[in-house]
file data21.cif (mmCIF, C-alpha atoms and all ligand atoms)
data_my_file
#
loop_
_atom_site.label_atom_id
_atom_site.label_comp_id
_atom_site.auth_asym_id
_atom_site.auth_seq_id
_atom_site.Cartn_x
_atom_site.Cartn_y
_atom_site.Cartn_z
CA MET A 1251 -0.52 -5.76 -6.15
CA GLU A 1252 -2.49 -4.63 -3.10
CA LEU A 1253 -4.66 -1.80 -1.92
CA ALA A 1254 -3.55 -0.56 1.49
CA VAL A 1255 -5.22 2.04 3.68
CA LYS A 1256 -2.75 3.24 6.30
CA ASN A 1257 -3.67 5.12 9.46
CA LEU A 1258 -6.45 7.08 7.72
CA ASN A 1259 -7.92 9.84 9.89
CA LEU A 1260 -10.80 11.80 8.40
CA SER A 1261 -13.14 14.41 9.84
CA PHE A 1262 -16.23 16.22 8.68
CA VAL A 1263 -15.94 19.89 9.52
CA GLN A 1264 -18.89 22.26 9.58
CA GLY A 1265 -18.23 25.68 11.05
CA ASN A 1266 -16.65 25.06 14.42
CA ARG A 1267 -18.02 21.52 14.65
CA GLU A 1268 -15.82 18.56 13.80
CA GLY A 1269 -16.85 14.92 13.64
CA HIS A 1270 -14.13 12.27 13.66
CA ALA A 1271 -15.56 9.88 11.09
CA LEU A 1272 -12.47 7.71 10.56
CA ARG A 1273 -9.94 7.17 13.35
CA GLY A 1274 -6.75 5.49 12.18
CA ILE A 1275 -8.15 3.03 9.64
CA ASN A 1276 -5.69 0.35 8.53
CA LEU A 1277 -6.71 -2.30 6.05
CA THR A 1278 -5.24 -4.18 3.13
CA VAL A 1279 -6.91 -5.87 0.19
CA LYS A 1280 -4.68 -8.26 -1.72
CA GLU A 1281 -5.07 -9.20 -5.37
CA GLY A 1282 -7.77 -11.87 -5.71
CA GLU A 1283 -8.87 -11.50 -2.07
CA ILE A 1284 -12.33 -10.56 -0.80
CA HIS A 1285 -11.93 -8.47 2.35
CA ALA A 1286 -15.20 -7.63 4.08
CA LEU A 1287 -15.66 -4.49 6.17
CA VAL A 1288 -18.61 -4.90 8.52
CA GLY A 1289 -20.33 -2.85 11.16
CA GLU A 1290 -23.65 -1.25 12.00
CA SER A 1291 -25.04 1.65 10.07
CA GLY A 1292 -23.10 4.84 10.90
CA SER A 1293 -19.91 3.00 11.88
CA GLY A 1294 -17.79 4.42 9.02
CA LYS A 1295 -17.95 1.67 6.38
CA SER A 1296 -19.22 3.78 3.50
CA VAL A 1297 -17.06 6.78 4.48
CA THR A 1298 -14.04 4.46 4.20
CA SER A 1299 -15.03 3.20 0.75
CA THR A 1300 -15.96 6.65 -0.55
CA ALA A 1301 -12.69 8.08 0.80
CA ILE A 1302 -10.73 5.36 -1.05
CA MET A 1303 -12.54 6.32 -4.25
CA GLY A 1304 -11.85 10.02 -3.61
CA LEU A 1305 -15.55 10.81 -3.88
CA LEU A 1306 -16.06 12.71 -0.61
CA PRO A 1307 -16.62 16.43 -1.13
CA SER A 1308 -13.98 18.51 0.62
CA PRO A 1309 -15.12 20.50 2.52
CA PRO A 1310 -16.80 19.19 4.62
CA ALA A 1311 -14.54 16.10 4.47
CA LYS A 1312 -11.00 16.70 5.69
CA ILE A 1313 -8.25 14.08 5.64
CA ASN A 1314 -6.12 14.75 8.70
CA SER A 1315 -3.51 12.08 8.07
CA GLY A 1316 -2.92 8.74 6.42
CA GLU A 1317 -2.21 7.16 3.07
CA ILE A 1318 -4.10 5.07 0.53
CA ILE A 1319 -1.51 3.08 -1.37
CA LEU A 1320 -2.43 1.54 -4.69
CA ASP A 1321 0.19 -0.02 -6.90
CA GLY A 1322 2.92 1.62 -4.80
CA ASN A 1323 1.49 5.17 -5.06
CA ASP A 1324 -0.33 7.20 -2.44
CA ILE A 1325 -3.54 8.11 -4.26
CA LEU A 1326 -4.27 10.85 -1.73
CA SER A 1327 -1.37 12.80 -3.19
CA LEU A 1328 -2.78 12.71 -6.75
CA ASN A 1329 -4.71 15.59 -8.30
CA GLU A 1330 -8.33 15.15 -9.38
CA LYS A 1331 -7.45 14.43 -13.01
CA GLU A 1332 -5.02 11.67 -11.99
CA ARG A 1333 -7.57 10.21 -9.60
CA ARG A 1334 -10.22 10.14 -12.33
CA THR A 1335 -7.84 8.01 -14.41
CA ILE A 1336 -7.38 5.57 -11.56
CA ARG A 1337 -11.12 5.36 -10.94
CA GLY A 1338 -12.44 2.82 -13.39
CA GLN A 1339 -9.08 1.63 -14.67
CA LYS A 1340 -7.54 0.45 -11.41
CA ILE A 1341 -10.29 0.69 -8.86
CA ALA A 1342 -14.05 0.77 -9.33
CA MET A 1343 -17.09 0.76 -7.09
CA VAL A 1344 -20.60 -0.68 -7.15
CA PHE A 1345 -23.29 0.83 -4.98
CA GLN A 1346 -26.37 -0.30 -3.10
CA GLU A 1347 -28.73 1.68 -5.32
CA PRO A 1348 -28.02 1.25 -9.04
CA SER A 1349 -30.76 3.78 -9.83
CA LYS A 1350 -28.66 6.53 -8.26
CA TYR A 1351 -25.60 5.52 -10.24
CA LEU A 1352 -27.00 4.68 -13.69
CA ASN A 1353 -27.78 7.62 -15.96
CA PRO A 1354 -31.55 7.37 -16.66
CA THR A 1355 -31.23 9.25 -19.95
CA LEU A 1356 -28.60 6.99 -21.53
CA LYS A 1357 -29.01 3.45 -22.81
CA ILE A 1358 -26.96 0.84 -20.92
CA GLY A 1359 -24.84 0.26 -24.04
CA GLU A 1360 -23.95 3.95 -24.25
CA GLN A 1361 -22.99 4.00 -20.56
CA ILE A 1362 -20.58 1.08 -21.01
CA THR A 1363 -19.09 2.14 -24.35
CA GLU A 1364 -18.61 5.70 -23.07
CA VAL A 1365 -16.34 4.36 -20.31
CA LEU A 1366 -14.41 2.16 -22.73
CA GLU A 1367 -13.94 4.98 -25.23
CA LEU A 1368 -12.93 7.49 -22.57
CA HIS A 1369 -10.61 5.35 -20.44
CA LEU A 1370 -9.26 2.82 -22.94
CA GLY A 1371 -9.47 4.88 -26.14
CA MET A 1372 -11.53 2.23 -27.98
CA ASP A 1373 -13.39 3.13 -31.15
CA LYS A 1374 -17.18 2.76 -31.09
CA GLU A 1375 -17.32 -0.62 -32.85
CA THR A 1376 -14.64 -2.24 -30.65
CA ALA A 1377 -16.29 -0.78 -27.55
CA GLU A 1378 -19.67 -2.28 -28.53
CA THR A 1379 -18.13 -5.71 -29.08
CA ARG A 1380 -16.39 -5.47 -25.71
CA ALA A 1381 -19.61 -4.26 -24.04
CA LEU A 1382 -21.42 -7.39 -25.25
CA GLU A 1383 -18.63 -9.58 -23.80
CA ILE A 1384 -18.87 -7.78 -20.46
CA LEU A 1385 -22.66 -8.06 -20.34
CA ASP A 1386 -22.29 -11.77 -20.99
CA MET A 1387 -19.71 -11.98 -18.18
CA VAL A 1388 -22.17 -10.46 -15.67
CA GLY A 1389 -24.95 -12.82 -16.71
CA LEU A 1390 -26.83 -10.46 -19.01
CA GLY A 1391 -26.54 -12.89 -21.88
CA THR A 1392 -29.19 -11.13 -23.96
CA GLY A 1393 -26.62 -8.38 -24.29
CA LYS A 1394 -27.85 -6.93 -27.57
CA ARG A 1395 -31.24 -6.13 -26.08
CA ILE A 1396 -29.69 -4.80 -22.87
CA LEU A 1397 -27.35 -2.53 -24.85
CA LYS A 1398 -30.37 -0.75 -26.27
CA SER A 1399 -32.32 -0.60 -22.99
CA TYR A 1400 -32.67 2.34 -20.64
CA PRO A 1401 -32.15 1.65 -16.92
CA HIS A 1402 -35.90 1.96 -16.15
CA GLU A 1403 -36.60 -0.91 -18.56
CA LEU A 1404 -34.55 -3.34 -16.44
CA SER A 1405 -35.51 -5.24 -13.28
CA GLY A 1406 -33.68 -4.52 -9.98
CA GLY A 1407 -31.36 -7.50 -10.39
CA MET A 1408 -30.58 -6.61 -14.02
CA LYS A 1409 -29.80 -3.00 -13.06
CA GLN A 1410 -27.40 -4.26 -10.41
CA ARG A 1411 -25.69 -6.48 -13.01
CA ALA A 1412 -25.55 -3.58 -15.48
CA MET A 1413 -23.89 -1.39 -12.83
CA ILE A 1414 -21.35 -4.15 -12.14
CA ALA A 1415 -20.74 -4.38 -15.91
CA ILE A 1416 -19.91 -0.67 -16.06
CA ALA A 1417 -17.67 -0.97 -12.99
CA ILE A 1418 -15.61 -3.85 -14.40
CA SER A 1419 -15.56 -2.61 -17.99
CA CYS A 1420 -11.94 -1.37 -17.76
CA ASN A 1421 -10.82 -4.51 -15.95
CA PRO A 1422 -9.94 -2.81 -12.64
CA SER A 1423 -7.55 -4.49 -10.20
CA PHE A 1424 -9.84 -3.67 -7.26
CA LEU A 1425 -13.58 -3.43 -6.81
CA ILE A 1426 -15.35 -1.84 -3.87
CA ALA A 1427 -18.78 -3.37 -3.40
CA ASP A 1428 -20.80 -1.13 -1.07
CA GLU A 1429 -23.77 -3.20 0.14
CA PRO A 1430 -24.61 -4.23 -3.46
CA THR A 1431 -27.21 -6.78 -2.40
CA THR A 1432 -29.01 -4.94 0.40
CA ALA A 1433 -31.89 -3.67 -1.73
CA LEU A 1434 -32.50 -7.06 -3.39
CA ASP A 1435 -34.66 -10.01 -2.36
CA VAL A 1436 -32.93 -13.14 -1.04
CA THR A 1437 -32.85 -15.02 -4.38
CA LEU A 1438 -31.35 -12.05 -6.22
CA GLN A 1439 -28.90 -11.45 -3.37
CA LEU A 1440 -27.55 -14.98 -3.82
CA GLN A 1441 -27.25 -14.50 -7.57
CA ILE A 1442 -25.30 -11.26 -7.20
CA LEU A 1443 -23.01 -12.77 -4.55
CA LYS A 1444 -22.30 -15.72 -6.86
CA LEU A 1445 -21.56 -13.25 -9.64
CA ILE A 1446 -19.08 -11.35 -7.44
CA LEU A 1447 -17.32 -14.62 -6.54
CA ASN A 1448 -17.23 -15.61 -10.19
CA LEU A 1449 -15.76 -12.26 -11.24
CA ARG A 1450 -13.09 -12.52 -8.56
CA GLU A 1451 -12.05 -15.87 -10.07
CA ARG A 1452 -12.15 -14.73 -13.67
CA LEU A 1453 -10.54 -11.32 -13.24
CA SER A 1454 -8.35 -11.92 -10.11
CA MET A 1455 -9.75 -8.70 -8.68
CA GLY A 1456 -9.25 -7.77 -5.06
CA ILE A 1457 -12.64 -6.89 -3.61
CA LEU A 1458 -13.48 -4.74 -0.59
CA SER A 1459 -16.98 -5.80 0.35
CA ILE A 1460 -18.85 -3.35 2.57
CA SER A 1461 -21.75 -4.82 4.52
CA HIS A 1462 -23.79 -4.55 7.69
CA ASP A 1463 -24.90 -8.15 7.19
CA LEU A 1464 -22.57 -10.81 8.54
CA ARG A 1465 -24.46 -13.53 6.64
CA VAL A 1466 -23.42 -11.93 3.35
CA VAL A 1467 -19.85 -11.62 4.60
CA HIS A 1468 -19.79 -15.28 5.63
CA ASP A 1469 -20.75 -16.42 2.15
CA ILE A 1470 -18.13 -14.56 0.18
CA SER A 1471 -15.19 -13.18 2.14
CA ASP A 1472 -11.67 -14.41 2.86
CA ARG A 1473 -10.92 -11.88 5.56
CA VAL A 1474 -13.20 -9.76 7.77
CA SER A 1475 -12.57 -6.44 9.50
CA VAL A 1476 -15.09 -5.11 11.99
CA ILE A 1477 -15.46 -1.33 12.25
CA TYR A 1478 -16.97 0.62 15.13
CA ALA A 1479 -17.19 4.40 15.49
CA GLY A 1480 -14.69 4.95 12.67
CA LYS A 1481 -12.09 2.51 13.98
CA ILE A 1482 -11.34 -1.07 13.01
CA VAL A 1483 -11.70 -3.06 16.21
CA GLU A 1484 -11.00 -6.57 14.94
CA THR A 1485 -9.59 -8.19 11.81
CA ALA A 1486 -9.17 -11.89 11.13
CA PRO A 1487 -9.48 -14.58 8.47
CA LYS A 1488 -13.19 -15.25 7.99
CA THR A 1489 -13.28 -18.74 9.52
CA GLU A 1490 -11.42 -17.51 12.61
CA LEU A 1491 -13.62 -14.45 13.09
CA PHE A 1492 -16.79 -16.53 12.84
CA SER A 1493 -15.56 -19.35 15.08
CA GLN A 1494 -13.52 -17.35 17.61
CA PRO A 1495 -14.47 -13.68 17.62
CA PHE A 1496 -12.43 -11.84 20.24
CA HIS A 1497 -13.84 -8.32 20.44
CA PRO A 1498 -17.11 -8.04 22.40
CA TYR A 1499 -18.63 -5.97 19.59
CA SER A 1500 -17.86 -8.65 16.97
CA ASN A 1501 -19.28 -11.24 19.31
CA LEU A 1502 -22.53 -9.35 19.74
CA LEU A 1503 -22.78 -8.70 16.00
CA LEU A 1504 -22.45 -12.45 15.40
CA GLN A 1505 -25.06 -13.25 18.03
CA SER A 1506 -27.47 -10.84 16.38
CA ILE A 1507 -27.55 -12.87 13.12
CA PRO A 1508 -30.83 -14.78 12.70
CA ASP A 1509 -30.03 -18.50 12.67
CA ALA A 1510 -32.34 -20.68 10.55
CA ASP A 1511 -31.53 -23.68 12.80
CA LYS A 1512 -32.68 -21.84 15.92
CA ARG A 1513 -36.06 -20.68 14.67
CA GLY A 1514 -38.15 -19.27 17.52
CA SER A 1515 -35.16 -18.41 19.73
CA ARG A 1516 -34.68 -14.75 20.66
CA LEU A 1517 -32.06 -12.75 18.80
CA VAL A 1518 -29.45 -10.82 20.73
CA THR A 1519 -29.73 -7.09 20.16
CA ILE A 1520 -26.82 -4.81 20.96
CA PRO A 1521 -27.92 -2.26 23.57
CA GLY A 1522 -27.54 1.45 22.75
CA LYS A 1523 -26.42 2.80 19.41
CA VAL A 1524 -23.32 3.76 17.47
CA PRO A 1525 -22.10 7.17 18.71
CA ASP A 1526 -22.10 10.00 16.24
CA ALA A 1527 -18.75 11.21 15.00
CA GLU A 1528 -18.92 14.42 17.05
CA ASN A 1529 -19.45 12.58 20.33
CA ILE A 1530 -17.09 9.62 20.38
CA PRO A 1531 -16.87 8.32 23.97
CA SER A 1532 -13.51 8.54 25.74
CA GLY A 1533 -11.24 5.49 25.93
CA CYS A 1534 -12.70 2.53 24.06
CA ALA A 1535 -15.59 3.99 22.05
CA PHE A 1536 -17.59 0.81 22.63
CA HIS A 1537 -17.40 1.02 26.45
CA PRO A 1538 -20.93 2.44 27.03
CA ARG A 1539 -22.39 -0.64 25.26
CA CYS A 1540 -19.89 -3.26 26.32
CA PRO A 1541 -20.88 -5.92 28.89
CA TYR A 1542 -17.22 -6.33 29.89
CA ALA A 1543 -16.23 -2.65 30.27
CA MET A 1544 -13.58 -2.03 32.95
CA ASP A 1545 -12.22 1.22 34.39
CA VAL A 1546 -9.30 1.21 31.96
CA CYS A 1547 -11.75 1.04 29.05
CA ARG A 1548 -13.23 4.42 29.94
CA GLU A 1549 -9.81 6.09 29.92
CA ASN A 1550 -7.55 4.41 27.36
CA ASP A 1551 -8.33 3.69 23.75
CA PRO A 1552 -6.98 0.15 23.17
CA GLU A 1553 -4.48 -0.52 20.37
CA MET A 1554 -4.69 -3.38 17.92
CA LYS A 1555 -2.93 -6.41 19.37
CA PRO A 1556 -2.54 -9.98 18.12
CA CYS A 1557 -4.98 -12.52 19.51
CA GLY A 1558 -4.52 -15.40 17.06
CA GLU A 1559 -3.05 -16.36 13.70
CA LYS A 1560 -3.36 -13.25 11.51
CA HIS A 1561 -6.01 -12.17 14.02
CA PHE A 1562 -5.92 -8.77 15.77
CA ALA A 1563 -8.31 -6.95 18.12
CA ALA A 1564 -8.38 -3.56 19.79
CA CYS A 1565 -9.68 -4.44 23.25
CA HIS A 1566 -8.13 -4.28 26.72
CA LEU A 1567 -9.16 -7.90 27.24
CA THR A 1568 -6.19 -8.85 25.02
CA ASP A 1569 -3.98 -7.68 27.95
CA ASN A 1570 -5.43 -10.46 30.12
CA ARG A 1571 -4.36 -13.21 27.75
CA ASN A 1572 -1.09 -15.08 28.44
FE1 LIG B 1 -15.25 -3.76 26.09
FE2 LIG B 1 -13.15 -2.68 27.28
FE3 LIG B 1 -12.80 -4.32 25.23
FE4 LIG B 1 -13.82 -1.89 24.85
S1 LIG B 1 -11.76 -2.36 25.58
S2 LIG B 1 -14.56 -3.77 23.99
S3 LIG B 1 -15.04 -1.64 26.68
S4 LIG B 1 -13.66 -4.82 27.23
#
call {"tool": "encode", "arguments": {"input": "data21.cif", "output": "structure tokens"}}
result
Amino acid sequence: MELAVKNLNLSFVQGNREGHALRGINLTVKEGEIHALVGESGSGKSVTSTAIMGLLPSPPAKINSGEIILDGNDILSLNEKERRTIRGQKIAMVFQEPSKYLNPTLKIGEQITEVLELHLGMDKETAETRALEILDMVGLGTGKRILKSYPHELSGGMKQRAMIAIAISCNPSFLIADEPTTALDVTLQLQILKLILNLRERLSMGILSISHDLRVVHDISDRVSVIYAGKIVETAPKTELFSQPFHPYSNLLLQSIPDADKRGSRLVTIPGKVPDAENIPSGCAFHPRCPYAMDVCRENDPEMKPCGEKHFAACHLTDNRN
């Protein structure tokens, strides 16, 4: 089974203004694979994940073209009731801020059993037994106490684990993890990343991991796609992307990671900023920030072309290879 986004074009329309938030997104997450989607803030990562989940309000969001294929079906063609069934059972999402997702007025146990009763038709007793198993699976071994706790009674790391417990409660085939460690300190970040890896092993889930932090991506992913101004500009197996990035944007992103071995050395910062969706530059959207920009880059938007084993980049420099 795989989750495949095909040529997804999405705009935000407000009055006579239109912002092209996603421009021909193609990406595939295979069963048991962790595919990371990385880019700076405002590059389209979260719009992609929220569009896959069908959680963008329309209007203002407008899908202009494309497909999101899950288990052979285009989920964009389903009605809201059918999509609600898929959410949770086949595909689930964890967010950066558990406080925004967890219901503050319901105990954690109620929030998990509610999902199990609703989606899987379990009776209350079976759902509670299953909830304890899931809490154990996410490292909340004192499950009985957690079941009876309200979200505000849990620490940040425990809330994140509780949210993951709710997300995986119906054993989804795919999990979208939208910056789930960003708000946590380094120790907790490592614990949550280990948990995600462990869940991938135990449940064979495909995971789309959204992150602005390439260090996080390095630790957990199998494949990495780099997104810029709503377009994927490079995709490669993780080891290849980290050792031989092709696209100048990927290269600069990698150079901007703090390196513990080079303490004291200056970090590279990428000049300029990500364009907003209403003002995407002509040609290659990265050309105003790119140190290698050529005339052709200002006029023609480059297509994805192969530049290695299972490695593709959208950059006119690929034309100069061979
Ligand atoms: Fe730079 Fe041109 Fe490649 Fe865009 S297409 S990244 S501007 S070299």
call {"tool": "closest_residue", "arguments": {"input": "data21.cif", "among": "A:Leu1390, A:Pro1556, A:Ile1418, A:Pro1541", "to": "ligand LIG 1 (chain B)", "atoms": "all atoms listed in the file"}}
result
A:Pro1541
call {"tool": "closest_atom_pairs", "arguments": {"input": "data21.cif", "of": "chain A", "to": "ligand LIG 1 (chain B)", "cutoff": "9 Å", "atoms": "all atoms listed in the file", "output": "Markdown table"}}
result
| residue | atom | partner | partner_atom | distance |
| --- | --- | --- | --- | --- |
| A:Val1483 | CA | B:LIG1 | S2 | 8.3 |
| A:His1497 | CA | B:LIG1 | S2 | 5.8 |
| A:Pro1498 | CA | B:LIG1 | S2 | 5.2 |
| A:Tyr1499 | CA | B:LIG1 | S2 | 6.4 |
| A:Gly1533 | CA | B:LIG1 | S1 | 7.9 |
| A:Cys1534 | CA | B:LIG1 | FE4 | 4.6 |
| A:Ala1535 | CA | B:LIG1 | FE4 | 6.7 |
| A:Phe1536 | CA | B:LIG1 | FE4 | 5.1 |
| A:His1537 | CA | B:LIG1 | S3 | 3.6 |
| A:Pro1538 | CA | B:LIG1 | S3 | 7.2 |
| A:Arg1539 | CA | B:LIG1 | S3 | 7.6 |
| A:Cys1540 | CA | B:LIG1 | FE1 | 4.7 |
| A:Pro1541 | CA | B:LIG1 | FE1 | 6.6 |
| A:Tyr1542 | CA | B:LIG1 | S4 | 4.7 |
| A:Ala1543 | CA | B:LIG1 | S3 | 3.9 |
| A:Met1544 | CA | B:LIG1 | FE2 | 5.7 |
| A:Asp1545 | CA | B:LIG1 | FE2 | 8.2 |
| A:Val1546 | CA | B:LIG1 | FE2 | 7.2 |
| A:Cys1547 | CA | B:LIG1 | FE2 | 4.4 |
| A:Arg1548 | CA | B:LIG1 | S3 | 7.1 |
| A:Asn1550 | CA | B:LIG1 | S1 | 8.2 |
| A:Asp1551 | CA | B:LIG1 | S1 | 7.2 |
| A:Pro1552 | CA | B:LIG1 | S1 | 5.9 |
| A:Ala1563 | CA | B:LIG1 | FE3 | 8.8 |
| A:Ala1564 | CA | B:LIG1 | S1 | 6.8 |
| A:Cys1565 | CA | B:LIG1 | FE3 | 3.7 |
| A:His1566 | CA | B:LIG1 | S1 | 4.3 |
| A:Leu1567 | CA | B:LIG1 | S4 | 5.5 |
| A:Thr1568 | CA | B:LIG1 | FE3 | 8.0 |
call {"tool": "residues_around", "arguments": {"input": "data21.cif", "residues": "Glu1283 (chain A)", "least_positions_apart": "2", "cutoff": "9 Å", "atoms": "only C-alpha atoms", "output": "PyMOL selection string"}}
result
chain A and resi 1279-1281+1285+1450+1454-1458+1471-1473
call {"tool": "closest_residue", "arguments": {"input": "data21.cif", "among": "A:Ile1460, A:Met1554, A:Ala1479, A:Ile1358", "to": "Gln1346 (chain A)", "atoms": "only C-alpha atoms"}}
result
A:Ile1460
call {"tool": "residues_around", "arguments": {"input": "data21.cif", "residues": "Asn1314 (chain A)", "least_positions_apart": "6", "cutoff": "10 Å", "atoms": "all atoms listed in the file", "output": "list in words"}}
result
Asn1257, Leu1258, Asn1259, Leu1260, Ser1261, His1270, Leu1272, Arg1273 and Gly1274 of chain A
call {"tool": "atom_distance", "arguments": {"input": "data21.cif", "atom1": "CA of Pro1422 (chain A)", "atom2": "CA of Asp1324 (chain A)"}}
result
17.2 Å
call {"tool": "atom_distance", "arguments": {"input": "data21.cif", "atom1": "CA of Pro1531 (chain A)", "atom2": "CA of Phe1262 (chain A)"}}
result
17.2 Å
call {"tool": "atom_distance", "arguments": {"input": "data21.cif", "atom1": "CA of Glu1347 (chain A)", "atom2": "CA of Leu1502 (chain A)"}}
result
28.1 Å
call {"tool": "residues_around", "arguments": {"input": "data21.cif", "residues": "Val1518 (chain A)", "least_positions_apart": "4", "cutoff": "12 Å", "atoms": "only C-alpha atoms", "output": "ChimeraX atom specification"}}
result
/A:1499,1501-1509
call {"tool": "closest_residue", "arguments": {"input": "data21.cif", "among": "A:Ser1399, A:Asn1276, A:Ser1423, A:Ser1293", "to": "Met1343 (chain A)", "atoms": "only C-alpha atoms"}}
result
A:Ser1423
call {"tool": "residues_around", "arguments": {"input": "data21.cif", "residues": "region 1430-1446 of chain A", "least_positions_apart": "4", "cutoff": "8 Å", "atoms": "only C-alpha atoms", "output": "list in words"}}
result
Val1344, Phe1345, Gln1346, Glu1347, Val1388, Gly1389, Gly1406, Gly1407, Gln1410, Arg1411, Arg1450, Val1466, Asp1469 and Ile1470 of chain A
call {"tool": "axis_aligned_box", "arguments": {"input": "data21.cif", "around": "region 1444-1447 of chain A", "padding_each_side": "4 Å", "output": "AutoDock Vina command-line options"}}
result
--center_x -19.8 --center_y -13.5 --center_z -8.1 --size_x 13.0 --size_y 12.4 --size_z 11.1
call {"tool": "closest_residue", "arguments": {"input": "data21.cif", "among": "A:Lys1555, A:Arg1337, A:His1402, A:Lys1331", "to": "Thr1300 (chain A)", "atoms": "all atoms listed in the file"}}
result
A:Arg1337
call {"tool": "residues_around", "arguments": {"input": "data21.cif", "residues": "Leu1253 (chain A)", "least_positions_apart": "6", "cutoff": "6 Å", "atoms": "all atoms listed in the file", "output": "list in words"}}
result
Thr1278, Val1279, Ile1319 and Leu1320 of chain A
call {"tool": "residues_near_point", "arguments": {"input": "data21.cif", "point": "(-23.6, 6.3, -20.1)", "cutoff": "12 Å", "atoms": "all atoms listed in the file", "output": "number ranges by chain"}}
result
A: 1351-1368, 1381, 1397-1401, 1412-1413, 1415-1417
call {"tool": "closest_residue", "arguments": {"input": "data21.cif", "among": "A:Leu1425, A:Val1288, A:Leu1453, A:Ala1527", "to": "Gly1480 (chain A)", "atoms": "all atoms listed in the file"}}
result
A:Ala1527
